[in-house]
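Just input37.txt here, compact mmCIF, N, CA and C atoms and all ligand atoms:
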```
# COMPACT_ATOMS: atom_id res chain seq x y z
N MET A 1 0.85 -1.20 0.00
CA MET A 1 0.00 0.00 0.00
C MET A 1 0.88 1.25 0.00
N THR A 2 0.48 2.24 -0.77
CA THR A 2 1.22 3.51 -0.78
C THR A 2 1.01 4.24 0.55
N ARG A 3 2.14 4.63 1.13
CA ARG A 3 2.10 5.33 2.43
C ARG A 3 2.72 6.71 2.26
N LEU A 4 1.99 7.73 2.66
CA LEU A 4 2.49 9.10 2.55
C LEU A 4 2.61 9.73 3.93
N LEU A 5 3.71 10.47 4.11
CA LEU A 5 3.87 11.29 5.32
C LEU A 5 3.24 12.65 5.06
N VAL A 6 2.41 13.11 5.98
CA VAL A 6 1.89 14.49 5.93
C VAL A 6 2.55 15.23 7.09
N LEU A 7 3.45 16.11 6.75
CA LEU A 7 4.29 16.76 7.76
C LEU A 7 3.86 18.22 7.94
N HIS A 8 3.45 18.53 9.16
CA HIS A 8 2.97 19.87 9.50
C HIS A 8 4.03 20.58 10.35
N GLY A 9 4.36 21.80 9.97
CA GLY A 9 5.38 22.55 10.69
C GLY A 9 4.84 23.37 11.85
N PRO A 10 5.62 24.36 12.28
CA PRO A 10 5.35 25.07 13.53
C PRO A 10 4.04 25.85 13.53
N ASN A 11 3.42 25.85 14.68
CA ASN A 11 2.18 26.60 14.97
C ASN A 11 0.93 25.99 14.34
N LEU A 12 1.09 24.95 13.53
CA LEU A 12 -0.10 24.36 12.90
C LEU A 12 -0.90 23.54 13.91
N ASN A 13 -0.30 23.21 15.05
CA ASN A 13 -1.08 22.61 16.15
C ASN A 13 -2.10 23.60 16.70
N ARG A 14 -1.98 24.87 16.34
CA ARG A 14 -2.92 25.90 16.82
C ARG A 14 -4.04 26.16 15.81
N LEU A 15 -4.11 25.39 14.75
CA LEU A 15 -5.19 25.60 13.77
C LEU A 15 -6.54 25.47 14.47
N GLY A 16 -7.48 26.28 14.00
CA GLY A 16 -8.81 26.29 14.62
C GLY A 16 -8.92 27.35 15.69
N LEU A 17 -7.77 27.78 16.23
CA LEU A 17 -7.72 28.82 17.26
C LEU A 17 -6.98 30.04 16.74
N ARG A 18 -6.09 29.79 15.81
CA ARG A 18 -5.10 30.76 15.37
C ARG A 18 -5.55 31.45 14.09
N GLU A 19 -5.66 32.77 14.08
CA GLU A 19 -5.93 33.55 12.86
C GLU A 19 -6.92 32.81 11.94
N THR A 20 -8.10 32.55 12.48
CA THR A 20 -9.07 31.71 11.75
C THR A 20 -9.55 32.36 10.46
N ASP A 21 -9.44 33.69 10.39
CA ASP A 21 -9.83 34.37 9.14
C ASP A 21 -8.88 33.99 8.01
N ILE A 22 -7.65 33.63 8.35
CA ILE A 22 -6.65 33.26 7.33
C ILE A 22 -6.60 31.74 7.16
N TYR A 23 -6.61 31.02 8.28
CA TYR A 23 -6.32 29.58 8.21
C TYR A 23 -7.55 28.68 8.38
N GLY A 24 -8.73 29.30 8.65
CA GLY A 24 -9.94 28.50 8.77
C GLY A 24 -10.18 28.03 10.19
N THR A 25 -11.32 27.41 10.39
CA THR A 25 -11.76 27.05 11.75
C THR A 25 -11.53 25.57 12.10
N LEU A 26 -11.09 24.78 11.13
CA LEU A 26 -10.85 23.37 11.45
C LEU A 26 -9.58 23.24 12.29
N THR A 27 -9.63 22.33 13.25
CA THR A 27 -8.42 22.03 14.02
C THR A 27 -7.53 21.09 13.22
N LEU A 28 -6.29 20.96 13.67
CA LEU A 28 -5.37 20.04 12.97
C LEU A 28 -5.90 18.61 13.04
N ASP A 29 -6.47 18.21 14.16
CA ASP A 29 -7.03 16.86 14.27
C ASP A 29 -8.15 16.65 13.27
N GLN A 30 -9.00 17.66 13.11
CA GLN A 30 -10.11 17.53 12.14
C GLN A 30 -9.57 17.43 10.72
N ILE A 31 -8.57 18.23 10.40
CA ILE A 31 -7.97 18.13 9.05
C ILE A 31 -7.35 16.75 8.86
N ASN A 32 -6.61 16.29 9.86
CA ASN A 32 -5.96 14.97 9.72
C ASN A 32 -6.99 13.87 9.55
N ASP A 33 -8.11 13.96 10.27
CA ASP A 33 -9.18 12.96 10.10
C ASP A 33 -9.70 12.96 8.66
N ARG A 34 -9.90 14.15 8.12
CA ARG A 34 -10.39 14.23 6.73
C ARG A 34 -9.37 13.65 5.75
N LEU A 35 -8.09 13.90 6.03
CA LEU A 35 -7.06 13.36 5.13
C LEU A 35 -7.01 11.83 5.22
N ARG A 36 -7.16 11.32 6.44
CA ARG A 36 -7.16 9.85 6.60
C ARG A 36 -8.33 9.23 5.86
N GLN A 37 -9.50 9.86 5.98
CA GLN A 37 -10.70 9.34 5.28
C GLN A 37 -10.51 9.38 3.77
N TYR A 38 -9.98 10.49 3.29
CA TYR A 38 -9.74 10.64 1.85
C TYR A 38 -8.78 9.57 1.36
N ALA A 39 -7.71 9.38 2.13
CA ALA A 39 -6.70 8.39 1.74
C ALA A 39 -7.30 6.98 1.75
N ALA A 40 -8.06 6.67 2.79
CA ALA A 40 -8.64 5.32 2.89
C ALA A 40 -9.53 5.05 1.69
N ALA A 41 -10.30 6.05 1.27
CA ALA A 41 -11.19 5.87 0.11
C ALA A 41 -10.39 5.62 -1.16
N LYS A 42 -9.15 6.08 -1.19
CA LYS A 42 -8.29 5.88 -2.37
C LYS A 42 -7.43 4.63 -2.24
N GLY A 43 -7.52 3.95 -1.10
CA GLY A 43 -6.73 2.74 -0.90
C GLY A 43 -5.26 3.02 -0.59
N ILE A 44 -4.98 4.21 -0.04
CA ILE A 44 -3.62 4.52 0.41
C ILE A 44 -3.70 4.90 1.89
N SER A 45 -2.54 5.14 2.50
CA SER A 45 -2.58 5.59 3.89
C SER A 45 -1.73 6.85 4.05
N VAL A 46 -2.20 7.74 4.92
CA VAL A 46 -1.44 8.94 5.24
C VAL A 46 -1.14 8.95 6.74
N HIS A 47 0.04 9.48 7.05
CA HIS A 47 0.50 9.48 8.43
C HIS A 47 0.87 10.91 8.82
N PRO A 48 -0.04 11.60 9.51
CA PRO A 48 0.24 12.99 9.87
C PRO A 48 1.18 13.10 11.07
N VAL A 49 2.12 14.03 10.96
CA VAL A 49 3.04 14.35 12.06
C VAL A 49 3.16 15.87 12.12
N GLN A 50 3.09 16.43 13.33
CA GLN A 50 3.29 17.89 13.48
C GLN A 50 4.44 18.12 14.45
N SER A 51 5.29 19.09 14.12
CA SER A 51 6.32 19.50 15.07
C SER A 51 6.56 21.00 14.98
N ASN A 52 6.88 21.58 16.12
CA ASN A 52 7.26 22.99 16.16
C ASN A 52 8.77 23.17 16.06
N HIS A 53 9.50 22.05 15.88
CA HIS A 53 10.95 22.08 15.98
C HIS A 53 11.61 21.72 14.65
N GLU A 54 12.49 22.59 14.21
CA GLU A 54 13.14 22.41 12.92
C GLU A 54 13.88 21.08 12.83
N GLY A 55 14.64 20.75 13.87
CA GLY A 55 15.42 19.51 13.86
C GLY A 55 14.53 18.28 13.78
N GLU A 56 13.40 18.31 14.46
CA GLU A 56 12.46 17.19 14.41
C GLU A 56 11.89 17.04 13.00
N LEU A 57 11.59 18.16 12.36
CA LEU A 57 11.07 18.10 10.99
C LEU A 57 12.14 17.52 10.05
N ILE A 58 13.39 17.89 10.28
CA ILE A 58 14.50 17.33 9.47
C ILE A 58 14.59 15.83 9.70
N ASP A 59 14.54 15.40 10.96
CA ASP A 59 14.60 13.96 11.25
C ASP A 59 13.44 13.21 10.59
N GLN A 60 12.26 13.81 10.62
CA GLN A 60 11.09 13.17 10.00
C GLN A 60 11.29 13.01 8.49
N LEU A 61 11.86 14.02 7.86
CA LEU A 61 12.11 13.93 6.41
C LEU A 61 13.13 12.82 6.11
N HIS A 62 14.20 12.75 6.90
CA HIS A 62 15.19 11.68 6.68
C HIS A 62 14.55 10.30 6.87
N HIS A 63 13.77 10.18 7.92
CA HIS A 63 13.10 8.91 8.24
C HIS A 63 12.14 8.52 7.12
N ALA A 64 11.54 9.53 6.47
CA ALA A 64 10.55 9.24 5.41
C ALA A 64 11.16 8.41 4.30
N GLN A 65 12.46 8.62 4.05
CA GLN A 65 13.11 7.92 2.93
C GLN A 65 12.92 6.41 3.00
N THR A 66 12.94 5.86 4.20
CA THR A 66 12.84 4.40 4.33
C THR A 66 11.43 3.94 4.71
N THR A 67 10.50 4.85 4.89
CA THR A 67 9.21 4.47 5.45
C THR A 67 8.02 4.82 4.55
N TYR A 68 8.18 5.86 3.74
CA TYR A 68 7.06 6.38 2.95
C TYR A 68 7.44 6.48 1.47
N GLN A 69 6.42 6.62 0.64
CA GLN A 69 6.66 6.78 -0.80
C GLN A 69 6.64 8.26 -1.23
N GLY A 70 6.16 9.13 -0.35
CA GLY A 70 6.13 10.55 -0.69
C GLY A 70 5.73 11.36 0.52
N VAL A 71 5.86 12.70 0.39
CA VAL A 71 5.62 13.59 1.53
C VAL A 71 4.80 14.79 1.07
N VAL A 72 3.77 15.10 1.85
CA VAL A 72 3.03 16.36 1.72
C VAL A 72 3.50 17.22 2.89
N PHE A 73 4.09 18.37 2.60
CA PHE A 73 4.81 19.11 3.63
C PHE A 73 4.33 20.56 3.70
N ASN A 74 3.83 20.95 4.87
CA ASN A 74 3.56 22.36 5.15
C ASN A 74 4.63 22.85 6.12
N PRO A 75 5.67 23.50 5.62
CA PRO A 75 6.76 23.94 6.51
C PRO A 75 6.39 25.17 7.34
N ALA A 76 5.18 25.71 7.11
CA ALA A 76 4.68 26.87 7.87
C ALA A 76 5.73 27.99 7.86
N GLY A 77 6.01 28.59 9.02
CA GLY A 77 6.92 29.74 9.05
C GLY A 77 8.32 29.43 8.56
N TYR A 78 8.74 28.17 8.68
CA TYR A 78 10.09 27.79 8.21
C TYR A 78 10.21 27.85 6.69
N THR A 79 9.07 27.89 6.01
CA THR A 79 9.08 28.01 4.55
C THR A 79 9.99 29.14 4.09
N HIS A 80 9.92 30.23 4.86
CA HIS A 80 10.53 31.48 4.41
C HIS A 80 11.92 31.70 4.99
N THR A 81 12.38 30.77 5.83
CA THR A 81 13.64 31.01 6.56
C THR A 81 14.63 29.86 6.56
N SER A 82 14.19 28.63 6.29
CA SER A 82 15.02 27.49 6.69
C SER A 82 15.82 26.85 5.55
N VAL A 83 17.09 27.18 5.51
CA VAL A 83 18.01 26.50 4.58
C VAL A 83 18.15 25.03 4.98
N ALA A 84 18.13 24.76 6.28
CA ALA A 84 18.32 23.38 6.75
C ALA A 84 17.17 22.48 6.31
N LEU A 85 15.95 23.00 6.31
CA LEU A 85 14.82 22.18 5.83
C LEU A 85 14.88 22.01 4.32
N ARG A 86 15.29 23.05 3.63
CA ARG A 86 15.47 22.91 2.18
C ARG A 86 16.50 21.81 1.89
N ASP A 87 17.62 21.83 2.63
CA ASP A 87 18.65 20.82 2.40
C ASP A 87 18.13 19.41 2.73
N ALA A 88 17.28 19.32 3.75
CA ALA A 88 16.72 18.01 4.12
C ALA A 88 15.82 17.47 3.01
N VAL A 89 15.02 18.34 2.41
CA VAL A 89 14.17 17.90 1.29
C VAL A 89 15.05 17.47 0.12
N ALA A 90 16.10 18.25 -0.14
CA ALA A 90 17.01 17.91 -1.25
C ALA A 90 17.78 16.62 -0.98
N ALA A 91 17.91 16.27 0.30
CA ALA A 91 18.73 15.11 0.68
C ALA A 91 17.97 13.79 0.58
N ILE A 92 16.68 13.84 0.33
CA ILE A 92 15.92 12.59 0.21
C ILE A 92 15.43 12.43 -1.22
N ASP A 93 15.27 11.17 -1.58
CA ASP A 93 14.87 10.85 -2.95
C ASP A 93 13.41 10.39 -2.96
N LEU A 94 12.52 11.34 -2.66
CA LEU A 94 11.08 11.07 -2.61
C LEU A 94 10.38 12.30 -3.19
N PRO A 95 9.20 12.14 -3.80
CA PRO A 95 8.45 13.34 -4.17
C PRO A 95 7.92 14.05 -2.90
N VAL A 96 8.28 15.32 -2.80
CA VAL A 96 7.81 16.15 -1.69
C VAL A 96 7.01 17.30 -2.31
N VAL A 97 5.77 17.48 -1.88
CA VAL A 97 4.94 18.59 -2.36
C VAL A 97 4.71 19.55 -1.20
N GLU A 98 5.06 20.81 -1.42
CA GLU A 98 4.87 21.84 -0.39
C GLU A 98 3.43 22.35 -0.46
N VAL A 99 2.78 22.43 0.68
CA VAL A 99 1.40 22.94 0.71
C VAL A 99 1.26 24.04 1.74
N HIS A 100 0.32 24.96 1.46
CA HIS A 100 -0.04 26.02 2.39
C HIS A 100 -1.54 26.20 2.38
N LEU A 101 -2.11 26.42 3.55
CA LEU A 101 -3.54 26.71 3.62
C LEU A 101 -3.84 28.05 2.96
N SER A 102 -3.04 29.06 3.30
CA SER A 102 -3.27 30.40 2.75
C SER A 102 -2.50 30.56 1.44
N ASN A 103 -2.87 31.60 0.71
CA ASN A 103 -2.17 31.90 -0.55
C ASN A 103 -0.96 32.77 -0.21
N ILE A 104 0.20 32.14 -0.07
CA ILE A 104 1.37 32.88 0.40
C ILE A 104 1.83 33.94 -0.60
N SER A 105 1.39 33.82 -1.85
CA SER A 105 1.76 34.83 -2.85
C SER A 105 0.96 36.11 -2.70
N GLY A 106 -0.15 36.05 -1.96
CA GLY A 106 -1.01 37.22 -1.82
C GLY A 106 -0.92 37.87 -0.46
N ARG A 107 0.10 37.52 0.31
CA ARG A 107 0.22 38.04 1.68
C ARG A 107 1.44 38.97 1.80
N GLU A 108 2.02 39.04 2.98
CA GLU A 108 3.17 39.95 3.16
C GLU A 108 4.32 39.53 2.23
N ASP A 109 5.17 40.52 1.90
CA ASP A 109 6.29 40.25 0.99
C ASP A 109 7.16 39.09 1.48
N PHE A 110 7.40 39.04 2.81
CA PHE A 110 8.32 38.00 3.30
C PHE A 110 7.77 36.60 3.11
N ARG A 111 6.43 36.49 2.93
CA ARG A 111 5.86 35.15 2.73
C ARG A 111 5.89 34.73 1.26
N ARG A 112 6.21 35.64 0.39
CA ARG A 112 6.16 35.31 -1.04
C ARG A 112 7.31 34.43 -1.46
N VAL A 113 8.38 34.43 -0.65
CA VAL A 113 9.55 33.62 -0.99
C VAL A 113 9.51 32.33 -0.18
N SER A 114 9.62 31.21 -0.89
CA SER A 114 9.79 29.92 -0.23
C SER A 114 11.19 29.41 -0.54
N LEU A 115 11.95 29.12 0.52
CA LEU A 115 13.27 28.51 0.32
C LEU A 115 13.13 27.03 -0.01
N ILE A 116 11.96 26.47 0.32
CA ILE A 116 11.77 25.01 0.20
C ILE A 116 11.25 24.63 -1.19
N ALA A 117 10.37 25.46 -1.75
CA ALA A 117 9.67 25.08 -2.99
C ALA A 117 10.61 24.68 -4.14
N PRO A 118 11.76 25.35 -4.32
CA PRO A 118 12.60 24.99 -5.47
C PRO A 118 13.12 23.54 -5.44
N VAL A 119 13.17 22.93 -4.26
CA VAL A 119 13.65 21.54 -4.21
C VAL A 119 12.49 20.55 -4.04
N CYS A 120 11.25 21.05 -4.09
CA CYS A 120 10.07 20.18 -4.04
C CYS A 120 9.61 19.87 -5.46
N ALA A 121 8.73 18.88 -5.57
CA ALA A 121 8.12 18.59 -6.87
C ALA A 121 7.26 19.77 -7.31
N GLY A 122 6.66 20.47 -6.35
CA GLY A 122 5.83 21.63 -6.65
C GLY A 122 5.22 22.17 -5.38
N GLN A 123 4.42 23.23 -5.55
CA GLN A 123 3.82 23.91 -4.39
C GLN A 123 2.33 24.14 -4.64
N ILE A 124 1.52 23.93 -3.60
CA ILE A 124 0.08 24.20 -3.66
C ILE A 124 -0.25 25.14 -2.52
N SER A 125 -0.93 26.23 -2.82
CA SER A 125 -1.09 27.28 -1.83
C SER A 125 -2.43 27.99 -2.03
N GLY A 126 -3.20 28.13 -0.94
CA GLY A 126 -4.35 29.01 -1.01
C GLY A 126 -5.71 28.35 -0.99
N PHE A 127 -5.76 27.05 -0.78
CA PHE A 127 -7.04 26.34 -0.87
C PHE A 127 -7.52 25.83 0.49
N GLY A 128 -7.03 26.49 1.54
CA GLY A 128 -7.45 26.06 2.88
C GLY A 128 -7.01 24.62 3.14
N TRP A 129 -7.78 23.90 3.94
CA TRP A 129 -7.38 22.53 4.28
C TRP A 129 -7.32 21.65 3.04
N ARG A 130 -8.07 22.04 1.98
CA ARG A 130 -8.06 21.24 0.75
C ARG A 130 -6.71 21.32 0.03
N SER A 131 -5.87 22.26 0.40
CA SER A 131 -4.50 22.25 -0.17
C SER A 131 -3.82 20.91 0.11
N TYR A 132 -4.14 20.32 1.29
CA TYR A 132 -3.53 19.03 1.62
C TYR A 132 -4.05 17.92 0.71
N LEU A 133 -5.36 17.97 0.39
CA LEU A 133 -5.91 16.95 -0.53
C LEU A 133 -5.23 17.07 -1.89
N LEU A 134 -5.09 18.31 -2.35
CA LEU A 134 -4.43 18.52 -3.64
C LEU A 134 -2.98 18.06 -3.57
N GLY A 135 -2.37 18.25 -2.40
CA GLY A 135 -0.99 17.80 -2.20
C GLY A 135 -0.88 16.28 -2.31
N ILE A 136 -1.85 15.58 -1.72
CA ILE A 136 -1.87 14.11 -1.83
C ILE A 136 -1.97 13.71 -3.30
N GLU A 137 -2.89 14.35 -4.01
CA GLU A 137 -3.06 14.03 -5.44
C GLU A 137 -1.78 14.31 -6.22
N ALA A 138 -1.11 15.41 -5.88
CA ALA A 138 0.12 15.77 -6.60
C ALA A 138 1.21 14.74 -6.34
N VAL A 139 1.35 14.29 -5.09
CA VAL A 139 2.37 13.27 -4.81
C VAL A 139 2.03 11.98 -5.55
N LEU A 140 0.76 11.58 -5.54
CA LEU A 140 0.36 10.36 -6.25
C LEU A 140 0.65 10.49 -7.74
N GLY A 141 0.40 11.69 -8.28
CA GLY A 141 0.71 11.93 -9.70
C GLY A 141 2.18 11.73 -9.97
N CYS A 142 3.03 12.21 -9.08
CA CYS A 142 4.48 12.03 -9.25
C CYS A 142 4.84 10.54 -9.23
N LEU A 143 4.19 9.79 -8.35
CA LEU A 143 4.53 8.36 -8.22
C LEU A 143 4.06 7.56 -9.41
N HIS A 144 2.93 7.95 -10.00
CA HIS A 144 2.34 7.10 -11.04
C HIS A 144 2.70 7.53 -12.46
N GLU A 145 3.30 8.72 -12.58
CA GLU A 145 3.65 9.15 -13.94
C GLU A 145 5.04 8.69 -14.35
N GLY A 146 5.65 7.87 -13.50
CA GLY A 146 6.97 7.32 -13.84
C GLY A 146 7.95 8.43 -14.08
C1 LIG A 201 1.31 28.69 6.16
C2 LIG A 201 1.80 30.03 5.60
C3 LIG A 201 3.05 30.49 6.33
O1 LIG A 201 3.50 31.75 5.80
C4 LIG A 201 2.77 30.68 7.81
O2 LIG A 201 3.96 31.03 8.49
C5 LIG A 201 2.11 29.50 8.43
C6 LIG A 201 1.09 28.78 7.68
C7 LIG A 201 -0.01 28.25 5.52
O3 LIG A 201 -0.33 27.07 5.61
O4 LIG A 201 -0.73 29.07 4.96
O5 LIG A 201 2.34 29.18 9.58
O6 LIG A 201 2.28 27.70 5.89
```
Now, as a test, write the supplied structure out as structure tokens.
Amino acid sequence: MTRLLVLHGPNLNRLGLRETDIYGTLTLDQINDRLRQYAAAKGISVHPVQSNHEGELIDQLHHAQTTYQGVVFNPAGYTHTSVALRDAVAAIDLPVVEVHLSNISGREDFRRVSLIAPVCAGQISGFGWRSYLLGIEAVLGCLHEG
């Protein structure tokens, strides 16, 4: 069975409470439940992990190489700052799709730059929690298009 890691970065544990006008009212648990249901209906499995710590996110990406077939990754605030996370994505040989709930291209200037996206298969941004569904589809597309 295809197994995907869904990796959530810092502050995403506060979804549903945090800036709901931007990020929506669903909690991270509710989003993860929807992703699990979506995956089950497709006959794949998703494994959500959230961390507020850069090193833990790096360890999770390294671990993914031997455990998963692809990664849906919301690096959150680290998107715009972390060379180390970019290097971690570049260091693994798996399709990684960057996702964002909000449209980072339409927000503050500092959010318009992603250090991570250039080493990902692609980026999906602006569709709320459904960005993760699109991310799953994008990773599956990478796996099945040879
Ligand atoms: C985010 C966008 C980032 O700029 C921000 O720092 C986040 C969430 C999003 O999903 O829209 O924490 O990654």
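Closest approach to ligand LIG 201 (chain A) among A:His53, A:Arg130, A:His80, A:Arg86 is made by A:His80 (distances from all atoms listed in the file).
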Q.
My list of candidates is A:Leu133, A:Ala121, A:Val99, A:Ile92. Which is closest to ligand LIG 201 (chain A) when distances are computed with only N, CA and C atoms and all ligand atoms?
A.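 Distance minimum relative to ligand LIG 201 (chain A) lands on A:Val99.
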Shell of 8 Å around ligand LIG 201 (chain A) (only N, CA and C atoms and all ligand atoms), written as an mmCIF file with N, CA and C atoms, in the coordinates of the input:
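What ended up in part_17.cif:
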```cif
data_model
loop_
_atom_site.group_PDB
_atom_site.id
_atom_site.type_symbol
_atom_site.label_atom_id
_atom_site.label_comp_id
_atom_site.auth_asym_id
_atom_site.auth_seq_id
_atom_site.Cartn_x
_atom_site.Cartn_y
_atom_site.Cartn_z
ATOM 1 N N GLY A 9 4.360 21.800 9.970
ATOM 2 C CA GLY A 9 5.380 22.550 10.690
ATOM 3 C C GLY A 9 4.840 23.370 11.850
ATOM 4 N N PRO A 10 5.620 24.360 12.280
ATOM 5 C CA PRO A 10 5.350 25.070 13.530
ATOM 6 C C PRO A 10 4.040 25.850 13.530
ATOM 7 N N ASN A 11 3.420 25.850 14.680
ATOM 8 C CA ASN A 11 2.180 26.600 14.970
ATOM 9 C C ASN A 11 0.930 25.990 14.340
ATOM 10 N N LEU A 12 1.090 24.950 13.530
ATOM 11 C CA LEU A 12 -0.100 24.360 12.900
ATOM 12 C C LEU A 12 -0.900 23.540 13.910
ATOM 13 N N ILE A 22 -7.650 33.630 8.350
ATOM 14 C CA ILE A 22 -6.650 33.260 7.330
ATOM 15 C C ILE A 22 -6.600 31.740 7.160
ATOM 16 N N TYR A 23 -6.610 31.020 8.280
ATOM 17 C CA TYR A 23 -6.320 29.580 8.210
ATOM 18 C C TYR A 23 -7.550 28.680 8.380
ATOM 19 N N PHE A 73 4.090 18.370 2.600
ATOM 20 C CA PHE A 73 4.810 19.110 3.630
ATOM 21 C C PHE A 73 4.330 20.560 3.700
ATOM 22 N N ASN A 74 3.830 20.950 4.870
ATOM 23 C CA ASN A 74 3.560 22.360 5.150
ATOM 24 C C ASN A 74 4.630 22.850 6.120
ATOM 25 N N PRO A 75 5.670 23.500 5.620
ATOM 26 C CA PRO A 75 6.760 23.940 6.510
ATOM 27 C C PRO A 75 6.390 25.170 7.340
ATOM 28 N N ALA A 76 5.180 25.710 7.110
ATOM 29 C CA ALA A 76 4.680 26.870 7.870
ATOM 30 C C ALA A 76 5.730 27.990 7.860
ATOM 31 N N GLY A 77 6.010 28.590 9.020
ATOM 32 C CA GLY A 77 6.920 29.740 9.050
ATOM 33 C C GLY A 77 8.320 29.430 8.560
ATOM 34 N N TYR A 78 8.740 28.170 8.680
ATOM 35 C CA TYR A 78 10.090 27.790 8.210
ATOM 36 C C TYR A 78 10.210 27.850 6.690
ATOM 37 N N THR A 79 9.070 27.890 6.010
ATOM 38 C CA THR A 79 9.080 28.010 4.550
ATOM 39 C C THR A 79 9.990 29.140 4.090
ATOM 40 N N HIS A 80 9.920 30.230 4.860
ATOM 41 C CA HIS A 80 10.530 31.480 4.410
ATOM 42 C C HIS A 80 11.920 31.700 4.990
ATOM 43 N N VAL A 99 2.780 22.430 0.680
ATOM 44 C CA VAL A 99 1.400 22.940 0.710
ATOM 45 C C VAL A 99 1.260 24.040 1.740
ATOM 46 N N HIS A 100 0.320 24.960 1.460
ATOM 47 C CA HIS A 100 -0.040 26.020 2.390
ATOM 48 C C HIS A 100 -1.540 26.200 2.380
ATOM 49 N N LEU A 101 -2.110 26.420 3.550
ATOM 50 C CA LEU A 101 -3.540 26.710 3.620
ATOM 51 C C LEU A 101 -3.840 28.050 2.960
ATOM 52 N N SER A 102 -3.040 29.060 3.300
ATOM 53 C CA SER A 102 -3.270 30.400 2.750
ATOM 54 C C SER A 102 -2.500 30.560 1.440
ATOM 55 N N ASN A 103 -2.870 31.600 0.710
ATOM 56 C CA ASN A 103 -2.170 31.900 -0.550
ATOM 57 C C ASN A 103 -0.960 32.770 -0.210
ATOM 58 N N ILE A 104 0.200 32.140 -0.070
ATOM 59 C CA ILE A 104 1.370 32.880 0.400
ATOM 60 C C ILE A 104 1.830 33.940 -0.600
ATOM 61 N N GLU A 108 2.020 39.040 2.980
ATOM 62 C CA GLU A 108 3.170 39.950 3.160
ATOM 63 C C GLU A 108 4.320 39.530 2.230
ATOM 64 N N PHE A 110 7.400 39.040 2.810
ATOM 65 C CA PHE A 110 8.320 38.000 3.300
ATOM 66 C C PHE A 110 7.770 36.600 3.110
ATOM 67 N N ARG A 111 6.430 36.490 2.930
ATOM 68 C CA ARG A 111 5.860 35.150 2.730
ATOM 69 C C ARG A 111 5.890 34.730 1.260
ATOM 70 N N ARG A 112 6.210 35.640 0.390
ATOM 71 C CA ARG A 112 6.160 35.310 -1.040
ATOM 72 C C ARG A 112 7.310 34.430 -1.460
ATOM 73 N N SER A 125 -0.930 26.230 -2.820
ATOM 74 C CA SER A 125 -1.090 27.280 -1.830
ATOM 75 C C SER A 125 -2.430 27.990 -2.030
ATOM 76 N N GLY A 126 -3.200 28.130 -0.940
ATOM 77 C CA GLY A 126 -4.350 29.010 -1.010
ATOM 78 C C GLY A 126 -5.710 28.350 -0.990
ATOM 79 N N PHE A 127 -5.760 27.050 -0.780
ATOM 80 C CA PHE A 127 -7.040 26.340 -0.870
ATOM 81 C C PHE A 127 -7.520 25.830 0.490
ATOM 82 N N GLY A 128 -7.030 26.490 1.540
ATOM 83 C CA GLY A 128 -7.450 26.060 2.880
ATOM 84 C C GLY A 128 -7.010 24.620 3.140
#
```
For the structure I just gave you, how does DSSP split segment 90-127 of chain A - specifically, which residues are strand (DSSP E)? Reply as a compact mmCIF listing (two decimals) with N, CA and C atoms, in the coordinates of the input.
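For reference, result-v3.txt as written:
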```
# COMPACT_ATOMS: atom_id res chain seq x y z
N VAL A 96 8.28 15.32 -2.80
CA VAL A 96 7.81 16.15 -1.69
C VAL A 96 7.01 17.30 -2.31
N VAL A 97 5.77 17.48 -1.88
CA VAL A 97 4.94 18.59 -2.36
C VAL A 97 4.71 19.55 -1.20
N GLU A 98 5.06 20.81 -1.42
CA GLU A 98 4.87 21.84 -0.39
C GLU A 98 3.43 22.35 -0.46
N VAL A 99 2.78 22.43 0.68
CA VAL A 99 1.40 22.94 0.71
C VAL A 99 1.26 24.04 1.74
N HIS A 100 0.32 24.96 1.46
CA HIS A 100 -0.04 26.02 2.39
C HIS A 100 -1.54 26.20 2.38
N GLY A 122 6.66 20.47 -6.35
CA GLY A 122 5.83 21.63 -6.65
C GLY A 122 5.22 22.17 -5.38
N GLN A 123 4.42 23.23 -5.55
CA GLN A 123 3.82 23.91 -4.39
C GLN A 123 2.33 24.14 -4.64
N ILE A 124 1.52 23.93 -3.60
CA ILE A 124 0.08 24.20 -3.66
C ILE A 124 -0.25 25.14 -2.52
N SER A 125 -0.93 26.23 -2.82
CA SER A 125 -1.09 27.28 -1.83
C SER A 125 -2.43 27.99 -2.03
```
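Note that atom N of Asp29 of chain A and atom C of Asp93 of chain A are 27.4 Å apart.
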Q. By how many Å are atom CA of Gln60 of chain A and atom CA of Ser82 of chain A apart?
A.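 Separation between atom CA of Gln60 of chain A and atom CA of Ser82 of chain A: 15.2 Å.
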**Q.** Length of the atom N of Leu5 of chain A to atom CA of Val71 of chain A vector [Å]
**A.**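 Atom-to-atom, atom N of Leu5 of chain A and atom CA of Val71 of chain A are spaced 4.5 Å apart.
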Q: Determine which residues of segment 17-92 of chain A DSSP labels as alpha helix (DSSP H) from the backbone of this structure, then write them out as JSON, numbers by chain.
A: {"A": [20, 21, 22, 23, 28, 29, 30, 31, 32, 33, 34, 35, 36, 37, 38, 39, 40, 41, 42, 54, 55, 56, 57, 58, 59, 60, 61, 62, 63, 64, 65, 66, 67, 83, 84, 85, 86, 87, 88, 89, 90]}
Q. Which residues, written as a PyMOL selection string, have at least one atom at most 9 Å from segment 24-28 of chain A, with only C-alpha atoms counted and residues fewer than 5 positions away on the same chain left out?
A. chain A and resi 12-19+33+50+101+128-129
Per residue of segment 58-107 of chain A within 10 Å of segment 39-46 of chain A, what are the shortest atom pair and its distance in Å to one decimal, counting only C-alpha atoms, with rows by chain and residue number, as a Markdown table?
```
| residue | atom | partner | partner_atom | distance |
| --- | --- | --- | --- | --- |
| A:Tyr68 | CA | A:Val46 | CA | 9.2 |
| A:Gly70 | CA | A:Val46 | CA | 9.7 |
| A:Val71 | CA | A:Val46 | CA | 9.2 |
| A:Val72 | CA | A:Val46 | CA | 9.4 |
```
Q) Between A:Gly106, A:Ile116, A:Glu98, A:Leu61, which one has atoms that come closest to Val83 of chain A, using only C-alpha atoms? A)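 The closest residue to Val83 of chain A is A:Ile116.
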Q | Distance criterion (only C-alpha atoms): nearest to Ala91 of chain A out of A:Asn52, A:Leu115, A:Cys120, A:Asp109 | A | A:Cys120
